[in-house]
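Undergrad: Dumping the structure here so I can ask a few things about it.
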Amino acid sequence: MYRTKTIAFVLLAATFALGACAQAVPLTPVPLVPATIPPAAAAAGGLDCAPNCTYSDLVVGFLQTGSEGGWRAANTASFKETADQLGLNLKFYDSQNDLANQVAGFRQFIQDPDVNVIILAALETTGWEDVLKEAQDAGKIVVLEDRRIDAPENLYATYIGSDFAEEGRKAADEMCKLLEGSETKVVWELVGNVGSSAAKDRGQGFREGMGACGIEITNSQTGNWSATEGKAVTEAWLRESKDVDGIFAQNDEMGLGAIEALKEAGLVPGKDVQVLSVDATAGAFKSMLAGDLGVTVECNPLLAPQVYEAALKAANGEELPKWVPSQEGVFRASDPNLQSIADGRKY
């Protein structure tokens, strides 16, 4: 009898203790792993439907950077159209190129009880560790697309996207070819958002390769991925000096802006100054066909099928590689089949 009363007292005390802890728990508590999840799936961040989840089980919160021209529009369209095709529920958030907005949107998806997958196209590489931990504690699967971040790999399922440093190395190699025979190799660099992995890595890759032919970068400034800003920066440089042989624009939009500035300054793009950009959008192909843009290095925006496939695998508890690279090429104005290639492009 005494033993029974003791057990009852201990249980009652434990109940009060748990109640007190519950009041101190943050607004986004750590959910218990449902007993129906196999241990392997739970360890890998699987959902309660694992290992038999289908696309219809996914509710995806997609944090887009904002609008940066043709590439970003194609990237957004890829996610919306593919979601419709696969039958998954997509909740889209436009961060409007503002990091504070993006972090706030991330927390909205963490707190949304329906969202079980968060896809992040990060505006900047840093500042994500806290929210990633919050997402992990809330049982959300996180997949990175297009942009890398500086955070422990155990806080996200995988990254799907380009090797930006390799894009920079390709750009340097192509600029060397464009400037072959030139006595000087003075290059100006139009940089994207300086905090993004794309801008950092493309710049680093270009510098790794430019020494092969003696390229010298004399001007480097952000144009924030914008044609308008790319043009304005180039105009300012041209007012100071026209001593330039090539312009490396880290995306097509800035390259097209630079071409406008060159023309207005009385210089002939493709002859007086070689222009090379990254992305391979429709605007770049049009410019190459006109003889203005020399080369565009591809950065594939149609990532949604790969990203959703990875998300589904993670939902089913599968272990994923921490990086799944996208397939990309290089396109040149000198290609005799350029028109037919342009006609077959989707963006």
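Quick note on naming: the chains in the structure tokens go A, B, ... in the order shown, residues restart at 1 in each chain, and ligands are numbered from 1 in order of appearance.
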Got a sec to tell me which of range 183-260 of chain A DSSP assigns to strand (DSSP E or B), as a count of residues only?
TA: 17
Undergrad: Excluding Ile119 in chain A and its own-chain neighbours fewer than 6 positions away, which residues fall within 6 Å of it when counting only C-alpha atoms? Please give them as a PDB file with N, CA and C atoms, in the first residue's frame.
TA:
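Dumped to result_20.pdb:
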ATOM      1  N   PHE A  62       8.657  27.995 -50.307  1.00  0.00           N
ATOM      2  CA  PHE A  62       9.808  28.381 -51.131  1.00  0.00           C
ATOM      3  C   PHE A  62      10.141  29.841 -50.904  1.00  0.00           C
ATOM      4  N   VAL A 142      14.892  21.144 -44.812  1.00  0.00           N
ATOM      5  CA  VAL A 142      15.377  22.326 -45.530  1.00  0.00           C
ATOM      6  C   VAL A 142      16.259  21.890 -46.695  1.00  0.00           C
ATOM      7  N   VAL A 143      15.934  22.398 -47.878  1.00  0.00           N
ATOM      8  CA  VAL A 143      16.735  22.151 -49.076  1.00  0.00           C
ATOM      9  C   VAL A 143      17.193  23.508 -49.618  1.00  0.00           C
ATOM     10  N   LEU A 144      18.485  23.643 -49.887  1.00  0.00           N
ATOM     11  CA  LEU A 144      19.029  24.872 -50.464  1.00  0.00           C
ATOM     12  C   LEU A 144      19.014  24.756 -51.981  1.00  0.00           C
TER      13      LEU A 144
END
Undergrad: Using only C-alpha atoms, determine which residues lie at most 12 Å from Lys200 in chain A, disregarding the query and same-chain residues fewer than 3 positions distant; provide the list as a PDB file with N, CA and C atoms, in the first residue's frame.
TA:
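What landed in result-v2.pdb:
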ATOM      1  N   GLU A 124      22.068  35.964 -48.911  1.00  0.00           N
ATOM      2  CA  GLU A 124      23.447  36.089 -48.455  1.00  0.00           C
ATOM      3  C   GLU A 124      23.903  34.774 -47.844  1.00  0.00           C
ATOM      4  N   THR A 125      25.212  34.608 -47.748  1.00  0.00           N
ATOM      5  CA  THR A 125      25.757  33.332 -47.283  1.00  0.00           C
ATOM      6  C   THR A 125      25.689  33.178 -45.771  1.00  0.00           C
ATOM      7  N   ARG A 147      21.765  28.991 -54.267  1.00  0.00           N
ATOM      8  CA  ARG A 147      22.746  29.730 -53.479  1.00  0.00           C
ATOM      9  C   ARG A 147      23.244  28.907 -52.288  1.00  0.00           C
ATOM     10  N   ARG A 148      24.562  28.846 -52.144  1.00  0.00           N
ATOM     11  CA  ARG A 148      25.152  28.196 -50.971  1.00  0.00           C
ATOM     12  C   ARG A 148      25.074  29.119 -49.753  1.00  0.00           C
ATOM     13  N   ILE A 149      25.240  28.537 -48.569  1.00  0.00           N
ATOM     14  CA  ILE A 149      25.309  29.321 -47.337  1.00  0.00           C
ATOM     15  C   ILE A 149      26.452  28.797 -46.475  1.00  0.00           C
ATOM     16  N   ASP A 163      28.133  25.193 -59.556  1.00  0.00           N
ATOM     17  CA  ASP A 163      29.467  25.411 -59.023  1.00  0.00           C
ATOM     18  C   ASP A 163      29.871  26.804 -59.487  1.00  0.00           C
ATOM     19  N   PHE A 164      29.592  27.812 -58.663  1.00  0.00           N
ATOM     20  CA  PHE A 164      29.815  29.192 -59.073  1.00  0.00           C
ATOM     21  C   PHE A 164      31.289  29.492 -59.312  1.00  0.00           C
ATOM     22  N   ALA A 165      32.158  28.872 -58.515  1.00  0.00           N
ATOM     23  CA  ALA A 165      33.591  29.088 -58.728  1.00  0.00           C
ATOM     24  C   ALA A 165      34.022  28.547 -60.084  1.00  0.00           C
ATOM     25  N   GLU A 166      33.453  27.406 -60.473  1.00  0.00           N
ATOM     26  CA  GLU A 166      33.763  26.837 -61.786  1.00  0.00           C
ATOM     27  C   GLU A 166      33.231  27.747 -62.895  1.00  0.00           C
ATOM     28  N   GLU A 167      32.059  28.360 -62.674  1.00  0.00           N
ATOM     29  CA  GLU A 167      31.550  29.333 -63.650  1.00  0.00           C
ATOM     30  C   GLU A 167      32.544  30.487 -63.817  1.00  0.00           C
ATOM     31  N   GLY A 168      33.130  30.937 -62.686  1.00  0.00           N
ATOM     32  CA  GLY A 168      34.124  32.007 -62.761  1.00  0.00           C
ATOM     33  C   GLY A 168      35.369  31.576 -63.511  1.00  0.00           C
ATOM     34  N   LEU A 190      31.826  43.593 -63.143  1.00  0.00           N
ATOM     35  CA  LEU A 190      30.550  43.972 -62.541  1.00  0.00           C
ATOM     36  C   LEU A 190      30.099  42.832 -61.637  1.00  0.00           C
ATOM     37  N   VAL A 191      30.038  43.113 -60.344  1.00  0.00           N
ATOM     38  CA  VAL A 191      29.776  42.101 -59.319  1.00  0.00           C
ATOM     39  C   VAL A 191      28.304  42.104 -58.943  1.00  0.00           C
ATOM     40  N   GLY A 192      27.777  40.928 -58.589  1.00  0.00           N
ATOM     41  CA  GLY A 192      26.398  40.833 -58.116  1.00  0.00           C
ATOM     42  C   GLY A 192      26.274  41.287 -56.679  1.00  0.00           C
ATOM     43  N   ASN A 193      25.267  40.802 -55.968  1.00  0.00           N
ATOM     44  CA  ASN A 193      25.106  41.096 -54.543  1.00  0.00           C
ATOM     45  C   ASN A 193      26.343  40.581 -53.812  1.00  0.00           C
ATOM     46  N   VAL A 194      27.116  41.487 -53.219  1.00  0.00           N
ATOM     47  CA  VAL A 194      28.429  41.117 -52.694  1.00  0.00           C
ATOM     48  C   VAL A 194      28.361  40.086 -51.563  1.00  0.00           C
ATOM     49  N   GLY A 195      27.195  39.934 -50.928  1.00  0.00           N
ATOM     50  CA  GLY A 195      27.067  38.972 -49.841  1.00  0.00           C
ATOM     51  C   GLY A 195      26.640  37.590 -50.290  1.00  0.00           C
ATOM     52  N   SER A 196      26.343  37.435 -51.574  1.00  0.00           N
ATOM     53  CA  SER A 196      25.829  36.151 -52.067  1.00  0.00           C
ATOM     54  C   SER A 196      26.953  35.213 -52.455  1.00  0.00           C
ATOM     55  N   SER A 197      26.662  33.905 -52.388  1.00  0.00           N
ATOM     56  CA  SER A 197      27.664  32.910 -52.763  1.00  0.00           C
ATOM     57  C   SER A 197      27.985  32.996 -54.250  1.00  0.00           C
ATOM     58  N   GLY A 203      33.609  35.538 -58.573  1.00  0.00           N
ATOM     59  CA  GLY A 203      34.765  36.423 -58.530  1.00  0.00           C
ATOM     60  C   GLY A 203      36.039  35.666 -58.193  1.00  0.00           C
ATOM     61  N   GLN A 204      35.933  34.751 -57.236  1.00  0.00           N
ATOM     62  CA  GLN A 204      37.102  33.963 -56.849  1.00  0.00           C
ATOM     63  C   GLN A 204      37.562  33.073 -58.005  1.00  0.00           C
ATOM     64  N   GLY A 205      36.613  32.411 -58.654  1.00  0.00           N
ATOM     65  CA  GLY A 205      36.952  31.525 -59.765  1.00  0.00           C
ATOM     66  C   GLY A 205      37.590  32.273 -60.921  1.00  0.00           C
ATOM     67  N   PHE A 206      37.061  33.465 -61.217  1.00  0.00           N
ATOM     68  CA  PHE A 206      37.630  34.265 -62.304  1.00  0.00           C
ATOM     69  C   PHE A 206      39.087  34.618 -61.991  1.00  0.00           C
ATOM     70  N   ARG A 207      39.349  34.991 -60.765  1.00  0.00           N
ATOM     71  CA  ARG A 207      40.715  35.358 -60.380  1.00  0.00           C
ATOM     72  C   ARG A 207      41.653  34.154 -60.401  1.00  0.00           C
ATOM     73  N   THR A 222      29.916  46.401 -57.420  1.00  0.00           N
ATOM     74  CA  THR A 222      28.622  45.734 -57.513  1.00  0.00           C
ATOM     75  C   THR A 222      27.655  46.493 -58.431  1.00  0.00           C
ATOM     76  N   GLN A 250      28.977  39.473 -63.868  1.00  0.00           N
ATOM     77  CA  GLN A 250      28.646  38.235 -63.168  1.00  0.00           C
ATOM     78  C   GLN A 250      27.228  37.736 -63.442  1.00  0.00           C
TER      79      GLN A 250
END
Undergrad: Leaving out Gly66 in chain A and any residue of its chain fewer than 2 positions from it, which residues lie within 12 Å of it when counting only C-alpha atoms, given as a ChimeraX atom specification?
TA: /A:62-64,68-76,92-99,101-102,120-123,224-226
Undergrad: Could you tell me how far CA of Ile118 in chain A lies from CA of Arg345 in chain A, in Å and to one decimal?
TA: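 Those two atoms sit 28.8 Å apart.
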Undergrad: Tell me, as a list in words, which residues lie within 12 Å of Thr82 in chain A, counting only C-alpha atoms; anything in the same chain fewer than 2 positions away does not count.
TA: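 My list of contacting residues is Tyr55, Ala74, Asn75, Thr76, Ala77, Ser78, Phe79, Lys80, Asp84, Gln85, Leu86, Gly87, Leu88, Asn89, Leu90, Leu302, Leu303, Ala304, Pro305, Gln306, Val307, Tyr308 and Glu309 of chain A.
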Undergrad: Go ahead and write the residues just picked, N, CA and C atoms, as a short mmCIF file (atom, residue, chain, number, x, y, z; two decimals), in the first residue's frame.
TA:
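Output file selection.cif follows:
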data_model
loop_
_atom_site.label_atom_id
_atom_site.label_comp_id
_atom_site.auth_asym_id
_atom_site.auth_seq_id
_atom_site.Cartn_x
_atom_site.Cartn_y
_atom_site.Cartn_z
N TYR A 55 4.60 13.06 -53.65
CA TYR A 55 4.64 14.51 -53.80
C TYR A 55 3.39 15.18 -53.21
N ALA A 74 12.74 32.85 -64.58
CA ALA A 74 12.70 31.46 -65.06
C ALA A 74 12.80 30.48 -63.89
N ASN A 75 13.61 30.83 -62.89
CA ASN A 75 13.75 30.00 -61.71
C ASN A 75 12.43 29.89 -60.95
N THR A 76 11.77 31.03 -60.76
CA THR A 76 10.47 31.05 -60.08
C THR A 76 9.44 30.25 -60.87
N ALA A 77 9.39 30.46 -62.18
CA ALA A 77 8.42 29.74 -63.02
C ALA A 77 8.65 28.24 -62.95
N SER A 78 9.91 27.83 -62.89
CA SER A 78 10.23 26.41 -62.80
C SER A 78 9.60 25.79 -61.56
N PHE A 79 9.68 26.48 -60.42
CA PHE A 79 9.13 25.94 -59.18
C PHE A 79 7.61 25.92 -59.18
N LYS A 80 7.00 26.95 -59.72
CA LYS A 80 5.54 27.00 -59.74
C LYS A 80 4.96 25.98 -60.72
N ASP A 84 2.78 22.32 -59.88
CA ASP A 84 1.48 21.98 -60.47
C ASP A 84 1.54 20.61 -61.14
N GLN A 85 2.61 20.36 -61.85
CA GLN A 85 2.75 19.07 -62.56
C GLN A 85 2.84 17.89 -61.60
N LEU A 86 3.53 18.09 -60.49
CA LEU A 86 3.74 16.99 -59.54
C LEU A 86 2.60 16.84 -58.54
N GLY A 87 1.78 17.87 -58.40
CA GLY A 87 0.65 17.81 -57.47
C GLY A 87 1.04 18.09 -56.03
N LEU A 88 2.12 18.82 -55.83
CA LEU A 88 2.48 19.19 -54.46
C LEU A 88 1.98 20.60 -54.16
N ASN A 89 1.83 20.91 -52.88
CA ASN A 89 1.32 22.20 -52.44
C ASN A 89 2.49 23.16 -52.23
N LEU A 90 2.57 24.23 -53.03
CA LEU A 90 3.66 25.19 -52.94
C LEU A 90 3.17 26.50 -52.34
N LEU A 302 16.50 26.16 -64.12
CA LEU A 302 15.38 25.21 -64.10
C LEU A 302 15.67 24.07 -63.13
N LEU A 303 15.75 24.43 -61.86
CA LEU A 303 16.20 23.50 -60.83
C LEU A 303 15.08 22.77 -60.10
N ALA A 304 13.84 23.19 -60.31
CA ALA A 304 12.75 22.65 -59.52
C ALA A 304 12.63 21.12 -59.56
N PRO A 305 12.71 20.46 -60.73
CA PRO A 305 12.58 19.00 -60.71
C PRO A 305 13.61 18.33 -59.81
N GLN A 306 14.87 18.78 -59.87
CA GLN A 306 15.91 18.21 -59.01
C GLN A 306 15.65 18.51 -57.54
N VAL A 307 15.20 19.73 -57.25
CA VAL A 307 14.98 20.13 -55.86
C VAL A 307 13.81 19.36 -55.25
N TYR A 308 12.71 19.27 -55.98
CA TYR A 308 11.54 18.55 -55.45
C TYR A 308 11.85 17.06 -55.28
N GLU A 309 12.61 16.49 -56.20
CA GLU A 309 12.99 15.08 -56.07
C GLU A 309 13.81 14.87 -54.80
#
Undergrad: Excluding Leu262 in chain A and any residue of its chain fewer than 3 positions from it, enumerate the residues within 9 Å of it, using only C-alpha atoms, and give them as a PyMOL selection string.
TA: chain A and resi 231+234-235+238+257-259+265-269+273
Undergrad: Enumerate the residues of range 34-132 of chain A with a DSSP assignment of alpha helix (DSSP H), computed from the backbone, and present them as a PyMOL selection string.
TA: chain A and resi 39-43+70-86+99-111+129-132
Undergrad: Give me the residues within 9 Å of Ala249 in chain A as a PyMOL selection string, counting only C-alpha atoms and dropping any in the same chain fewer than 4 places off.
TA: chain A and resi 188-192+223+225+230+253-256+258+275-278
Undergrad: So which one's closest to Leu179 in chain A, A:Lys322, A:Lys263, A:Lys242, A:Lys271? Using only C-alpha atoms, please.
TA: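 So, comparing all the options, the nearest one is A:Lys271.
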Undergrad: A:Leu178, A:Lys313, A:Asp279, A:Thr218: which is nearest Gly294 in chain A, counting only C-alpha atoms?
TA: A:Leu178
Undergrad: Of the candidates A:Leu293, A:Ala315, A:Cys213, A:Val103, which shows the shortest atom-to-atom distance to Asp272 in chain A, using only C-alpha atoms?
TA: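 Of A:Leu293, A:Ala315, A:Cys213, A:Val103, the one nearest Asp272 in chain A, counting only C-alpha atoms, is A:Leu293.
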Undergrad: Can you work out which one of A:Glu328, A:Ser162, A:Leu320, A:Ala282 has the shortest atom-to-atom distance to Lys346 in chain A, counting only C-alpha atoms?
TA: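 Answer, going by the shortest atom-to-atom distance: A:Ala282.
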